[in-house]
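S.K.: Got a structure here, written out as structure tokens. Questions coming.
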Amino acid sequence: MTTIKKCVMDALENLTGDEYKKFCNALVDRPGDRRVEENKVRRKDYFDVTNVLVSTFSEDGTPAVVIELLEKIGCSDEAKDLDDRIAEPLPKSSASKDKHFVSKHWVRLIEYVTNVDAILNRLLEKKVIHDGIYEEILDAKGNQEKMTKIYKLVLKSGNRAKDIFLEILKEQEPLVVGELENFPIQEEHFVIKHGTEVIESVTDINPILNSLLQKKVIQDDDYDEIRDTRGHQEKMTKIYGLVLRSGIRAKEIFFEILKEQEPALVEDLENIA
């Protein structure tokens, strides 16, 4: 089975010589409490640097750091490839197999959780996130955007991070967790049951957004706000928040739009046992 460490090692090995040098420089220059000294990466190969990363940030925390640095040096495709590969040992789009509470209920968690800053502080204390990511999330606008960023980070950091996140949720949002633990998942609408896969898989958002506006599921202000949001997952998360608050009719309309715009994805998800 592919490990997180192996995914990171492969990502570094696939960089060109110039890209690898830029990555190591960015790693040394990266701010925060957990710093990497230049002598630990200078003239070191990808194997040694991977070991330094894991020993500094932990195996669970390393992917987020590497993806951050890859994007910083202009290797966005490599960052996305690593993100996709990390999802393979940590099932990303198989809700029927990944039964962890955080994955099952994340759409509602993003919508309902309000004590976000306290949760963020605890994640920093537990070393699930580092200083740079903490500041980035803290500066995000609104609880839902902050929770979306937290969730994406926790998802790519593995089951240990999910377990820690769940314990923090139990501390900070006991009523929300208690309600969701008793929620009848087996009776959920397709839109909610497969929320994780839809939000992570759909990239062509505009036709869906246009259809939702035409069918009056969303208003002009909602349309403009979502259209101006950066990142397709962030856009889909906002769409989900609006659809969930709008009742069963909105879910049915959204489902019909998904079948029209993303037929292969819907078929695949409907066939999941």
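Note on naming: chains are A, B, ... as they come in the structure tokens, residues start from 1 per chain, ligands start from 1 in the order shown.
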Show me, as a VMD selection string, the residues that have an atom within 12 Å of Lys238 (chain A) when counting only C-alpha atoms, minus same-chain residues fewer than 3 positions from it.
M.R.: chain A and resid 107 to 108 110 to 111 142 to 145 147 to 148 195 199 205 209 218 222 to 235 241 to 245
S.K.: Please provide the set of residues having any atom within 10 Å of Gly74 (chain A), restricted to only C-alpha atoms, with same-chain residues fewer than 6 positions apart removed, written as a PyMOL selection string.
M.R.: chain A and resi 19+22-23
S.K.: Do a neighbour search on Val52 (chain A) at 12 Å with only C-alpha atoms, toss out local chain neighbours closer than 5 positions, and write the hits as a list in words.
M.R.: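 Surrounding residues, per the criterion: Lys5, Val8, Met9, Cys24, Leu27, Val28, Arg34, Arg35, Val36, Glu37, Glu38, Asn39, Lys40, Val41, Arg42, Lys44, Asp45, Tyr46, Phe47, Phe57, Ser58, Glu59, Thr62 and Val66 of chain A.
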S.K.: Quick check, in Å to one decimal: how far apart do CA of Leu53 (chain A) and CA of Ile150 (chain A) lie?
M.R.: 20.9 Å
S.K.: Taking 2 positions as the minimum chain separation for residues in the same chain, which residues sit within 12 Å of Phe254 (chain A) when counting only C-alpha atoms? Answer as a PyMOL selection string.
M.R.: chain A and resi 189-192+195+198+207-218+236+239-240+242-244+246-252+256-262+266
S.K.: What is the CA of Gln172 (chain A)-CA of Ile86 (chain A) distance in Å, reported with one decimal?
M.R.: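 That distance, rounded to one decimal, is 28.5 Å.
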S.K.: Between CA of Glu173 (chain A) and CA of Lys146 (chain A), what is the distance in Å, rounded to a tenth?
M.R.: 15.5 Å
S.K.: Smallest atom-to-atom distance to Gly132 (chain A): which of A:Leu69, A:Leu15, A:Leu82, A:Val177, using only C-alpha atoms?
M.R.: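 Of all the options, A:Leu69 lies closest to Gly132 (chain A).
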S.K.: Output as a ChimeraX atom specification all residues of region 94-177 of chain A that backbone DSSP marks as helix (DSSP H, G or I).
M.R.: /A:101-104,106-112,116-125,131-138,143-156,159-172,174-177
S.K.: Looking at only C-alpha atoms, which of A:His105, A:Arg85, A:Lys152, A:Lys170 is the one that sits closest to Ala11 (chain A)?
M.R.: A:Arg85
S.K.: Calculated over only C-alpha atoms, which of the candidates A:Asn25, A:Leu138, A:Ile253, A:Leu180 has the smallest distance to Val49 (chain A)?
M.R.: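 So, comparing all the options, the nearest one is A:Asn25.
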S.K.: Can you work out which one of A:Phe101, A:Tyr20, A:Arg43, A:Gly61 has the shortest atom-to-atom distance to Ile73 (chain A), counting only C-alpha atoms?
M.R.: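 Checking each candidate against Ile73 (chain A), we get A:Tyr20 as the closest.
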S.K.: Using only C-alpha atoms, which of A:Ile4, A:Val113, A:Val154, A:Ile119 sits nearest Val54 (chain A)?
M.R.: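 Closest candidate: A:Ile4.
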